[in-house]
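Structure data (PDB, C-alpha atoms and all ligand atoms) from data_34.pdb:
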```pdb
ATOM      1  CA  MET O 244     -59.379  48.935  52.776
ATOM      2  CA  SER O 245     -56.480  46.593  53.326
ATOM      3  CA  ASP O 246     -56.006  43.991  50.615
ATOM      4  CA  ASP O 247     -54.451  41.336  52.853
ATOM      5  CA  LEU O 248     -57.075  40.749  55.557
ATOM      6  CA  HIS O 249     -59.047  37.540  55.374
ATOM      7  CA  GLU O 250     -61.953  35.751  56.962
ATOM      8  CA  VAL O 251     -61.097  32.260  58.209
ATOM      9  CA  TYR O 252     -63.527  29.434  58.932
ATOM     10  CA  ALA O 253     -63.342  25.896  60.289
ATOM     11  CA  VAL O 254     -65.798  23.386  58.836
ATOM     12  CA  ARG O 255     -66.245  20.318  61.049
ATOM     13  CA  TYR O 256     -67.049  17.238  58.975
ATOM     14  CA  ALA O 257     -66.369  14.129  61.075
ATOM     15  CA  HIS O 258     -65.838  12.800  64.564
ATOM     16  CA  HIS O 259     -64.088   9.922  66.332
ATOM     17  CA  ASP O 260     -64.742   8.865  69.906
ATOM     18  CA  ARG O 261     -61.600   7.526  71.499
ATOM     19  CA  LYS O 262     -59.800   7.371  74.809
ATOM     20  CA  ALA O 263     -57.330  10.078  75.771
ATOM     21  CA  THR O 264     -54.556   7.490  76.046
ATOM     22  CA  GLU O 265     -54.755   6.888  72.268
ATOM     23  CA  ASN O 266     -53.787  10.486  71.523
ATOM     24  CA  PHE O 267     -50.372  10.674  73.184
ATOM     25  CA  VAL O 268     -47.037   8.900  72.931
ATOM     26  CA  GLY O 269     -46.683   7.325  76.397
ATOM     27  CA  GLY O 270     -50.471   7.251  76.877
ATOM     28  CA  ASP O 271     -52.447   9.347  79.333
ATOM     29  CA  PRO O 272     -53.013   8.663  83.036
ATOM     30  CA  HIS O 273     -56.673   9.689  82.880
ATOM     31  CA  ASP O 274     -59.213   7.072  81.858
ATOM     32  CA  ILE O 275     -61.348   9.583  79.986
ATOM     33  CA  LEU O 276     -62.639  10.087  76.478
ATOM     34  CA  GLN O 277     -60.778  12.554  74.293
ATOM     35  CA  PRO O 278     -62.538  12.474  70.940
ATOM     36  CA  LEU O 279     -61.043  13.886  67.771
ATOM     37  CA  ALA O 280     -62.901  16.302  65.500
ATOM     38  CA  TYR O 281     -62.127  16.473  61.772
ATOM     39  CA  PHE O 282     -62.051  19.795  59.957
ATOM     40  CA  VAL O 283     -61.351  21.473  56.665
ATOM     41  CA  TRP O 284     -60.766  25.223  56.690
ATOM     42  CA  ALA O 285     -61.686  28.067  54.369
ATOM     43  CA  ILE O 286     -59.920  31.398  53.874
ATOM     44  CA  VAL O 287     -61.968  34.090  52.166
ATOM     45  CA  GLY O 288     -60.561  37.447  51.136
ATOM     46  CA  PRO O 289     -59.752  39.933  48.418
ATOM     47  CA  HIS O 290     -57.716  37.370  46.468
ATOM     48  CA  GLY O 291     -60.414  34.733  46.341
ATOM     49  CA  THR O 292     -61.229  31.634  48.328
ATOM     50  CA  PHE O 293     -58.623  29.188  49.578
ATOM     51  CA  VAL O 294     -59.707  25.825  50.933
ATOM     52  CA  VAL O 295     -57.274  24.184  53.346
ATOM     53  CA  ASP O 296     -57.410  20.375  53.163
ATOM     54  CA  THR O 297     -60.111  18.222  51.631
ATOM     55  CA  GLY O 298     -61.051  15.760  54.379
ATOM     56  CA  PHE O 299     -62.480  12.324  53.609
ATOM     57  CA  ASP O 300     -65.824  11.062  52.314
ATOM     58  CA  ARG O 301     -68.457   8.730  53.745
ATOM     59  CA  ALA O 302     -66.882   5.596  52.257
ATOM     60  CA  MET O 303     -63.571   6.399  53.964
ATOM     61  CA  ALA O 304     -65.380   7.194  57.221
ATOM     62  CA  ASP O 305     -66.904   3.700  57.099
ATOM     63  CA  LYS O 306     -63.574   2.075  56.212
ATOM     64  CA  ARG O 307     -61.732   3.843  59.046
ATOM     65  CA  GLY O 308     -64.537   3.675  61.655
ATOM     66  CA  ARG O 309     -65.091   7.444  61.805
ATOM     67  CA  THR O 310     -68.473   9.173  62.079
ATOM     68  CA  MET O 311     -69.396  11.565  59.294
ATOM     69  CA  VAL O 312     -70.948  14.835  60.480
ATOM     70  CA  GLN O 313     -71.478  16.394  57.038
ATOM     71  CA  PRO O 314     -69.828  16.035  53.632
ATOM     72  CA  ILE O 315     -67.233  18.770  53.212
ATOM     73  CA  ALA O 316     -68.916  20.195  50.081
ATOM     74  CA  GLU O 317     -72.111  20.764  52.084
ATOM     75  CA  GLY O 318     -70.220  22.415  54.912
ATOM     76  CA  LEU O 319     -68.457  24.739  52.486
ATOM     77  CA  LYS O 320     -71.773  25.548  50.792
ATOM     78  CA  THR O 321     -73.075  27.038  54.039
ATOM     79  CA  LEU O 322     -70.338  29.661  53.555
ATOM     80  CA  GLY O 323     -71.398  30.266  49.948
ATOM     81  CA  ILE O 324     -68.351  28.339  48.712
ATOM     82  CA  HIS O 325     -69.080  26.002  45.797
ATOM     83  CA  ALA O 326     -66.432  23.306  45.555
ATOM     84  CA  ASP O 327     -66.551  23.119  41.775
ATOM     85  CA  ALA O 328     -65.579  26.808  41.540
ATOM     86  CA  VAL O 329     -62.681  26.754  44.038
ATOM     87  CA  GLU O 330     -59.371  27.598  42.377
ATOM     88  CA  ASP O 331     -56.877  27.013  45.208
ATOM     89  CA  VAL O 332     -56.610  24.180  47.706
ATOM     90  CA  ILE O 333     -53.775  24.094  50.235
ATOM     91  CA  VAL O 334     -53.035  20.529  51.347
ATOM     92  CA  THR O 335     -51.298  20.533  54.711
ATOM     93  CA  HIS O 336     -50.209  16.902  54.298
ATOM     94  CA  LEU O 337     -51.248  13.708  52.526
ATOM     95  CA  HIS O 338     -52.808  11.714  55.371
ATOM     96  CA  TYR O 339     -56.206  10.205  54.497
ATOM     97  CA  ASP O 340     -58.160  12.694  56.619
ATOM     98  CA  HIS O 341     -56.630  15.716  54.850
ATOM     99  CA  CYS O 342     -56.522  14.866  51.135
ATOM    100  CA  GLY O 343     -59.509  12.655  50.274
ATOM    101  CA  ASN O 344     -62.489  13.901  48.229
ATOM    102  CA  TYR O 345     -59.972  14.362  45.439
ATOM    103  CA  ASP O 346     -62.637  14.792  42.710
ATOM    104  CA  VAL O 347     -64.615  17.451  44.571
ATOM    105  CA  PHE O 348     -62.526  20.431  43.373
ATOM    106  CA  PRO O 349     -62.226  19.964  39.586
ATOM    107  CA  LYS O 350     -60.865  23.465  38.903
ATOM    108  CA  ALA O 351     -58.446  23.753  41.806
ATOM    109  CA  ARG O 352     -54.711  23.770  41.816
ATOM    110  CA  TYR O 353     -53.196  22.164  44.884
ATOM    111  CA  HIS O 354     -50.472  23.669  47.071
ATOM    112  CA  LEU O 355     -48.196  21.025  48.566
ATOM    113  CA  GLN O 356     -44.695  20.778  50.046
ATOM    114  CA  ASP O 357     -41.978  19.018  48.005
ATOM    115  CA  ASP O 358     -41.107  16.882  51.031
ATOM    116  CA  GLU O 359     -44.648  15.582  51.441
ATOM    117  CA  ILE O 360     -45.084  14.058  47.980
ATOM    118  CA  ALA O 361     -41.528  12.673  48.179
ATOM    119  CA  TYR O 362     -42.303  11.078  51.553
ATOM    120  CA  ALA O 363     -45.650   9.630  50.425
ATOM    121  CA  THR O 364     -44.158   8.067  47.284
ATOM    122  CA  GLY O 365     -40.728   7.099  48.577
ATOM    123  CA  ARG O 366     -38.881   4.437  50.529
ATOM    124  CA  TYR O 367     -40.730   4.841  53.832
ATOM    125  CA  MET O 368     -43.963   3.642  52.226
ATOM    126  CA  ASN O 369     -42.308   0.215  52.148
ATOM    127  CA  HIS O 370     -43.175   0.051  55.854
ATOM    128  CA  ALA O 371     -46.694  -0.779  57.025
ATOM    129  CA  HIS O 372     -46.179   1.298  60.168
ATOM    130  CA  GLN O 373     -45.469   4.447  58.138
ATOM    131  CA  ARG O 374     -48.281   3.743  55.673
ATOM    132  CA  VAL O 375     -51.042   3.665  58.303
ATOM    133  CA  PRO O 376     -52.293   7.242  57.817
ATOM    134  CA  PHE O 377     -51.965   7.151  54.013
ATOM    135  CA  GLU O 378     -54.378   5.794  51.385
ATOM    136  CA  VAL O 379     -52.762   4.764  48.124
ATOM    137  CA  ASP O 380     -55.699   6.045  46.049
ATOM    138  CA  ASP O 381     -55.288   9.519  47.567
ATOM    139  CA  ILE O 382     -51.598   9.541  46.719
ATOM    140  CA  VAL O 383     -52.182   8.280  43.163
ATOM    141  CA  ALA O 384     -54.830  10.982  42.712
ATOM    142  CA  MET O 385     -52.293  13.624  43.742
ATOM    143  CA  VAL O 386     -49.647  12.219  41.384
ATOM    144  CA  ARG O 387     -52.229  12.415  38.557
ATOM    145  CA  LYS O 388     -52.733  16.093  39.432
ATOM    146  CA  VAL O 389     -48.984  16.632  39.165
ATOM    147  CA  PHE O 390     -49.079  15.226  35.634
ATOM    148  CA  ALA O 391     -52.076  17.464  34.873
ATOM    149  CA  GLU O 392     -50.026  20.500  36.004
ATOM    150  CA  ARG O 393     -52.435  21.160  38.859
ATOM    151  CA  VAL O 394     -49.974  21.062  41.762
ATOM    152  CA  MET O 395     -47.947  24.045  42.900
ATOM    153  CA  PHE O 396     -45.012  22.887  44.987
ATOM    154  CA  HIS O 397     -43.582  24.768  47.933
ATOM    155  CA  ASP O 398     -40.296  24.205  49.740
ATOM    156  CA  GLY O 399     -40.413  25.582  53.279
ATOM    157  CA  THR O 400     -41.942  29.034  53.672
ATOM    158  CA  ASP O 401     -43.814  30.491  50.723
ATOM    159  CA  ALA O 402     -46.478  33.091  49.976
ATOM    160  CA  ILE O 403     -49.772  31.890  48.517
ATOM    161  CA  ALA O 404     -51.373  35.354  48.298
ATOM    162  CA  PRO O 405     -50.876  38.658  50.159
ATOM    163  CA  GLY O 406     -51.460  37.804  53.830
ATOM    164  CA  ILE O 407     -51.416  34.011  53.334
ATOM    165  CA  THR O 408     -48.198  32.010  53.773
ATOM    166  CA  VAL O 409     -47.384  28.327  54.194
ATOM    167  CA  HIS O 410     -44.614  27.024  56.448
ATOM    168  CA  ARG O 411     -43.155  23.532  56.467
ATOM    169  CA  ILE O 412     -43.204  22.033  59.959
ATOM    170  CA  GLY O 413     -42.661  18.333  59.261
ATOM    171  CA  GLY O 414     -42.734  16.067  62.314
ATOM    172  CA  HIS O 415     -46.126  14.381  62.145
ATOM    173  CA  SER O 416     -45.634  13.867  58.399
ATOM    174  CA  LYS O 417     -42.378  14.743  56.691
ATOM    175  CA  GLY O 418     -43.739  17.602  54.574
ATOM    176  CA  LEU O 419     -46.533  18.812  56.868
ATOM    177  CA  GLN O 420     -47.163  22.544  56.404
ATOM    178  CA  CYS O 421     -49.169  25.005  58.478
ATOM    179  CA  VAL O 422     -50.939  28.079  57.101
ATOM    180  CA  ARG O 423     -50.567  31.609  58.480
ATOM    181  CA  VAL O 424     -53.358  34.046  57.661
ATOM    182  CA  LYS O 425     -53.565  37.768  58.341
ATOM    183  CA  THR O 426     -56.985  38.621  59.742
ATOM    184  CA  ARG O 427     -58.596  41.551  61.493
ATOM    185  CA  ARG O 428     -57.646  39.967  64.856
ATOM    186  CA  GLY O 429     -54.031  39.478  63.824
ATOM    187  CA  HIS O 430     -52.122  36.522  62.406
ATOM    188  CA  VAL O 431     -54.035  33.283  62.822
ATOM    189  CA  VAL O 432     -52.157  30.008  62.282
ATOM    190  CA  LEU O 433     -53.996  26.953  61.030
ATOM    191  CA  ALA O 434     -51.742  24.365  62.640
ATOM    192  CA  SER O 435     -53.444  21.366  61.072
ATOM    193  CA  ASP O 436     -51.687  18.322  62.550
ATOM    194  CA  ALA O 437     -48.658  20.288  63.750
ATOM    195  CA  SER O 438     -50.796  20.163  66.928
ATOM    196  CA  HIS O 439     -53.781  17.813  66.935
ATOM    197  CA  LEU O 440     -55.159  19.091  70.253
ATOM    198  CA  TYR O 441     -54.468  22.167  72.370
ATOM    199  CA  ALA O 442     -52.861  19.758  74.866
ATOM    200  CA  HIS O 443     -50.145  18.731  72.411
ATOM    201  CA  MET O 444     -48.604  22.177  71.926
ATOM    202  CA  ASN O 445     -49.468  23.474  75.391
ATOM    203  CA  GLU O 446     -47.961  20.507  77.243
ATOM    204  CA  GLY O 447     -45.205  19.476  74.812
ATOM    205  CA  ARG O 448     -46.802  16.092  74.192
ATOM    206  CA  VAL O 449     -46.736  14.100  70.953
ATOM    207  CA  PHE O 450     -49.460  12.401  68.905
ATOM    208  CA  PRO O 451     -48.586   8.731  68.259
ATOM    209  CA  ILE O 452     -48.419   8.984  64.448
ATOM    210  CA  THR O 453     -45.071  10.621  63.822
ATOM    211  CA  TYR O 454     -42.321  10.801  61.232
ATOM    212  CA  CYS O 455     -39.919  12.641  63.583
ATOM    213  CA  VAL O 456     -40.645  13.409  67.247
ATOM    214  CA  GLY O 457     -37.969  16.116  67.410
ATOM    215  CA  ASP O 458     -39.563  18.034  64.545
ATOM    216  CA  VAL O 459     -42.999  17.726  66.180
ATOM    217  CA  LEU O 460     -41.644  19.405  69.324
ATOM    218  CA  GLU O 461     -39.726  22.073  67.383
ATOM    219  CA  GLY O 462     -42.928  22.682  65.433
ATOM    220  CA  TYR O 463     -44.748  23.894  68.549
ATOM    221  CA  ALA O 464     -42.222  26.722  68.854
ATOM    222  CA  THR O 465     -42.658  27.556  65.169
ATOM    223  CA  LEU O 466     -46.436  27.763  65.569
ATOM    224  CA  LYS O 467     -46.032  30.130  68.528
ATOM    225  CA  ARG O 468     -43.579  32.279  66.618
ATOM    226  CA  LEU O 469     -45.906  32.590  63.626
ATOM    227  CA  ALA O 470     -49.096  33.380  65.567
ATOM    228  CA  ASP O 471     -49.852  36.695  67.288
ATOM    229  CA  SER O 472     -50.593  34.765  70.505
ATOM    230  CA  PRO O 473     -51.143  31.133  71.527
ATOM    231  CA  GLY O 474     -54.861  31.889  71.202
ATOM    232  CA  HIS O 475     -54.294  32.567  67.501
ATOM    233  CA  ILE O 476     -53.186  28.951  66.868
ATOM    234  CA  VAL O 477     -55.933  26.610  65.672
ATOM    235  CA  PRO O 478     -55.172  22.925  66.339
ATOM    236  CA  GLY O 479     -56.132  20.390  63.678
ATOM    237  CA  HIS O 480     -58.400  17.982  65.550
ATOM    238  CA  ASP O 481     -59.507  19.566  68.836
ATOM    239  CA  PRO O 482     -63.311  19.444  69.347
ATOM    240  CA  LYS O 483     -62.903  22.584  71.496
ATOM    241  CA  VAL O 484     -62.337  24.633  68.313
ATOM    242  CA  ALA O 485     -65.961  24.048  67.319
ATOM    243  CA  GLU O 486     -67.108  25.069  70.808
ATOM    244  CA  ILE O 487     -65.088  28.187  71.578
ATOM    245  CA  TYR O 488     -65.380  29.986  68.237
ATOM    246  CA  PRO O 489     -68.672  31.585  67.174
ATOM    247  CA  ALA O 490     -70.868  30.088  64.487
ATOM    248  CA  ALA O 491     -70.333  31.458  60.984
ATOM    249  CA  ALA O 492     -74.114  32.031  60.820
ATOM    250  CA  PRO O 493     -77.095  31.225  63.060
ATOM    251  CA  GLY O 494     -77.773  27.481  63.064
ATOM    252  CA  LEU O 495     -74.146  26.511  62.327
ATOM    253  CA  GLU O 496     -73.052  26.349  65.980
ATOM    254  CA  GLY O 497     -70.461  23.594  66.453
ATOM    255  CA  LEU O 498     -70.372  22.887  62.720
ATOM    256  CA  VAL O 499     -68.990  25.888  60.846
ATOM    257  CA  VAL O 500     -67.216  28.456  63.000
ATOM    258  CA  ARG O 501     -65.406  31.709  62.444
ATOM    259  CA  LEU O 502     -61.699  31.838  63.387
ATOM    260  CA  ASP O 503     -60.945  35.472  62.567
ATOM    261  CA  VAL O 504     -62.730  36.670  65.686
ATOM    262  CA  ASP O 505     -61.625  36.082  69.266
ATOM    263  CA  PRO O 506     -62.664  32.760  70.824
ATOM    264  CA  LYS O 507     -64.063  32.278  74.293
ATOM    265  CA  PRO O 508     -61.197  31.570  76.726
ATOM    266  CA  VAL O 509     -60.222  27.878  76.679
TER     267      VAL O 509
HETATM  268 ZN    ZN M 601     -55.238  14.625  60.739
END
```
Can the structure in the file be given as structure tokens, please?
Ligand SMILES: [Zn+2]
Amino acid sequence: MSDDLHEVYAVRYAHHDRKATENFVGGDPHDILQPLAYFVWAIVGPHGTFVVDTGFDRAMADKRGRTMVQPIAEGLKTLGIHADAVEDVIVTHLHYDHCGNYDVFPKARYHLQDDEIAYATGRYMNHAHQRVPFEVDDIVAMVRKVFAERVMFHDGTDAIAPGITVHRIGGHSKGLQCVRVKTRRGHVVLASDASHLYAHMNEGRVFPITYCVGDVLEGYATLKRLADSPGHIVPGHDPKVAEIYPAAAPGLEGLVVRLDVDPKPV
């Protein structure tokens, strides 16, 4: 029995109806809806349970005009994961939809890139435009965890456990990291916001919230290099993810899906 193969799940927790043109620098010629889905992810294997990102709660959904589908703790519970027992949380970046719910994992240590905390607490936060995707309370909560010795910092590529590595991509946020997981179907890459939708990486297009466009575009090549095939890359906000991957258990269709098995063709 291999000790580096993991199960990987996506837990959908929120939704936002919006027009396609809002999702791309330069807009989109089609006057159609292209909603965003919001996910956290769970990696389960011989070295324990690793939660990737912590989403936002109902209060933040109301503040930001998003629709809550289920609180993340309830979604994780359907996988038998109890938030108060989780020991490792990987935070891909510090945008409000990836690092809220900061009291939900009292025992966890948080894995974060050096560049991300520096970006979220540094000179660029003087600019309203750069602050848009950040919430100061989320950032303060993470700084408090640093002082409580609950943050493990990573600089570039690092191993979290056998078969689980993080890789700094940057671009969308300066210290954005993706997560590569060895599974029985090969290496799956949780892109998070290194590609919001399949269309971003497949068509070389860019989501409007960006620290560095060049690094966003370079990031698509990194994702493809890390994954066993393009079909092994899981974008961060594409509603298709919840449709093409099978439910983790009967009744969880479209809500909690399994990423370590092959999806239906897109
Ligand atoms: Zn996001």
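Distances to O:Tyr367 were evaluated for O:Phe390, O:Lys417, O:Tyr353, O:Val287 using all atoms listed in the file, and the minimum falls at O:Lys417.
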* To do: Dump the neighbourhood of ligand ZN 601 (chain M) as a ChimeraX atom specification: all residues within 8 Å, distances computed on all atoms listed in the file.
  => /O:281,338-341,435-436,439,479-480
* Got a sec to resolve the PyMOL selection byres (((chain O and resi 447-454) around 12) and not hetatm) on this structure and send the residues as an NGL selection string? -> :O and (263-271 or 279 or 338 or 358-359 or 362-363 or 367-368 or 372-377 or 412-419 or 436-446 or 455-464 or 479-480)
* To do: Could you list the residues chosen by the PyMOL selection byres (((chain O and resi 330) around 12) and not hetatm) in this structure as an NGL selection string?
  => :O and (290-295 or 324-329 or 331-333 or 347-354 or 393-395)
* Neighbour list for O:Arg309 as a VMD selection string, cut-off 8 Å, all atoms listed in the file, skip fewer than 6 positions in-chain -> chain O and resid 257 to 259
* Asked: Using the chain letters and numbers from the file, which residues does the PyMOL selection byres (((chain O and resi 491-498) around 10) and not hetatm) grab, as JSON, numbers by chain?
  -> {"O": [251, 252, 253, 254, 255, 256, 257, 282, 312, 313, 318, 321, 322, 482, 483, 484, 485, 486, 487, 488, 489, 490, 499, 500, 501, 502]}
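Between O:Ala470 and the residues O:His410, O:His370, O:Arg423, O:Arg301, the shortest atom-to-atom distance, using only C-alpha atoms, involves O:Arg423.
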Complete the atoms of stretch 389-400 of chain O to all heavy atoms and put them out as an mmCIF file, in the coordinates of the input.
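Contents of selection-v6.cif, freshly written:
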```
data_model
loop_
_atom_site.group_PDB
_atom_site.id
_atom_site.type_symbol
_atom_site.label_atom_id
_atom_site.label_comp_id
_atom_site.auth_asym_id
_atom_site.auth_seq_id
_atom_site.Cartn_x
_atom_site.Cartn_y
_atom_site.Cartn_z
ATOM 1 N N VAL O 389 -50.308 16.125 39.554
ATOM 2 C CA VAL O 389 -48.984 16.632 39.165
ATOM 3 C C VAL O 389 -48.846 16.554 37.640
ATOM 4 O O VAL O 389 -48.458 17.526 36.982
ATOM 5 C CB VAL O 389 -47.853 15.827 39.842
ATOM 6 C CG1 VAL O 389 -46.498 16.282 39.314
ATOM 7 C CG2 VAL O 389 -47.915 15.973 41.362
ATOM 8 N N PHE O 390 -49.214 15.402 37.084
ATOM 9 C CA PHE O 390 -49.079 15.226 35.634
ATOM 10 C C PHE O 390 -50.039 16.119 34.854
ATOM 11 O O PHE O 390 -49.813 16.405 33.680
ATOM 12 C CB PHE O 390 -49.276 13.742 35.268
ATOM 13 C CG PHE O 390 -48.014 12.942 35.429
ATOM 14 C CD1 PHE O 390 -47.467 12.702 36.680
ATOM 15 C CD2 PHE O 390 -47.342 12.454 34.314
ATOM 16 C CE1 PHE O 390 -46.291 11.982 36.833
ATOM 17 C CE2 PHE O 390 -46.160 11.731 34.453
ATOM 18 C CZ PHE O 390 -45.632 11.502 35.716
ATOM 19 N N ALA O 391 -51.123 16.546 35.513
ATOM 20 C CA ALA O 391 -52.076 17.464 34.873
ATOM 21 C C ALA O 391 -51.698 18.919 35.132
ATOM 22 O O ALA O 391 -52.480 19.829 34.826
ATOM 23 C CB ALA O 391 -53.484 17.164 35.383
ATOM 24 N N GLU O 392 -50.536 19.139 35.705
ATOM 25 C CA GLU O 392 -50.026 20.500 36.004
ATOM 26 C C GLU O 392 -50.947 21.249 36.944
ATOM 27 O O GLU O 392 -51.156 22.451 36.804
ATOM 28 C CB GLU O 392 -49.795 21.286 34.698
ATOM 29 C CG GLU O 392 -48.802 20.603 33.783
ATOM 30 C CD GLU O 392 -48.573 21.347 32.475
ATOM 31 O OE1 GLU O 392 -48.890 22.554 32.402
ATOM 32 O OE2 GLU O 392 -48.072 20.717 31.531
ATOM 33 N N ARG O 393 -51.514 20.529 37.917
ATOM 34 C CA ARG O 393 -52.435 21.160 38.859
ATOM 35 C C ARG O 393 -51.870 21.231 40.273
ATOM 36 O O ARG O 393 -52.605 21.506 41.215
ATOM 37 C CB ARG O 393 -53.765 20.397 38.883
ATOM 38 C CG ARG O 393 -54.547 20.511 37.583
ATOM 39 C CD ARG O 393 -55.837 19.730 37.652
ATOM 40 N NE ARG O 393 -56.675 20.163 38.762
ATOM 41 C CZ ARG O 393 -57.619 19.409 39.309
ATOM 42 N NH1 ARG O 393 -57.825 18.179 38.880
ATOM 43 N NH2 ARG O 393 -58.355 19.875 40.292
ATOM 44 N N VAL O 394 -50.569 20.983 40.426
ATOM 45 C CA VAL O 394 -49.974 21.062 41.762
ATOM 46 C C VAL O 394 -48.895 22.140 41.756
ATOM 47 O O VAL O 394 -48.018 22.149 40.890
ATOM 48 C CB VAL O 394 -49.364 19.712 42.193
ATOM 49 C CG1 VAL O 394 -48.739 19.835 43.583
ATOM 50 C CG2 VAL O 394 -50.436 18.620 42.198
ATOM 51 N N MET O 395 -49.005 23.055 42.713
ATOM 52 C CA MET O 395 -47.947 24.045 42.900
ATOM 53 C C MET O 395 -47.140 23.622 44.124
ATOM 54 O O MET O 395 -47.685 23.495 45.222
ATOM 55 C CB MET O 395 -48.544 25.435 43.094
ATOM 56 C CG MET O 395 -47.468 26.492 43.266
ATOM 57 S SD MET O 395 -48.138 28.159 43.140
ATOM 58 C CE MET O 395 -48.334 28.295 41.387
ATOM 59 N N PHE O 396 -45.852 23.382 43.902
ATOM 60 C CA PHE O 396 -45.012 22.887 44.987
ATOM 61 C C PHE O 396 -44.373 24.027 45.764
ATOM 62 O O PHE O 396 -44.032 25.069 45.201
ATOM 63 C CB PHE O 396 -43.926 21.958 44.427
ATOM 64 C CG PHE O 396 -44.469 20.617 44.020
ATOM 65 C CD1 PHE O 396 -44.718 20.324 42.685
ATOM 66 C CD2 PHE O 396 -44.762 19.665 44.978
ATOM 67 C CE1 PHE O 396 -45.238 19.093 42.323
ATOM 68 C CE2 PHE O 396 -45.284 18.427 44.621
ATOM 69 C CZ PHE O 396 -45.520 18.144 43.286
ATOM 70 N N HIS O 397 -44.227 23.805 47.049
ATOM 71 C CA HIS O 397 -43.582 24.768 47.933
ATOM 72 C C HIS O 397 -42.481 24.037 48.705
ATOM 73 O O HIS O 397 -42.603 22.844 48.986
ATOM 74 C CB HIS O 397 -44.605 25.373 48.899
ATOM 75 C CG HIS O 397 -45.754 26.010 48.165
ATOM 76 N ND1 HIS O 397 -45.664 27.252 47.576
ATOM 77 C CD2 HIS O 397 -47.004 25.563 47.883
ATOM 78 C CE1 HIS O 397 -46.811 27.549 46.983
ATOM 79 N NE2 HIS O 397 -47.644 26.535 47.150
ATOM 80 N N ASP O 398 -41.424 24.792 49.024
ATOM 81 C CA ASP O 398 -40.296 24.205 49.740
ATOM 82 C C ASP O 398 -40.005 25.093 50.939
ATOM 83 O O ASP O 398 -39.303 26.092 50.819
ATOM 84 C CB ASP O 398 -39.086 24.118 48.797
ATOM 85 C CG ASP O 398 -37.877 23.506 49.482
ATOM 86 O OD1 ASP O 398 -38.053 22.889 50.554
ATOM 87 O OD2 ASP O 398 -36.762 23.650 48.953
ATOM 88 N N GLY O 399 -40.596 24.750 52.086
ATOM 89 C CA GLY O 399 -40.413 25.582 53.279
ATOM 90 C C GLY O 399 -41.465 26.669 53.345
ATOM 91 O O GLY O 399 -42.644 26.400 53.197
ATOM 92 N N THR O 400 -41.005 27.911 53.552
ATOM 93 C CA THR O 400 -41.942 29.034 53.672
ATOM 94 C C THR O 400 -42.207 29.642 52.307
ATOM 95 O O THR O 400 -41.285 29.850 51.529
ATOM 96 C CB THR O 400 -41.332 30.096 54.617
ATOM 97 O OG1 THR O 400 -41.180 29.515 55.909
ATOM 98 C CG2 THR O 400 -42.232 31.321 54.712
#
```
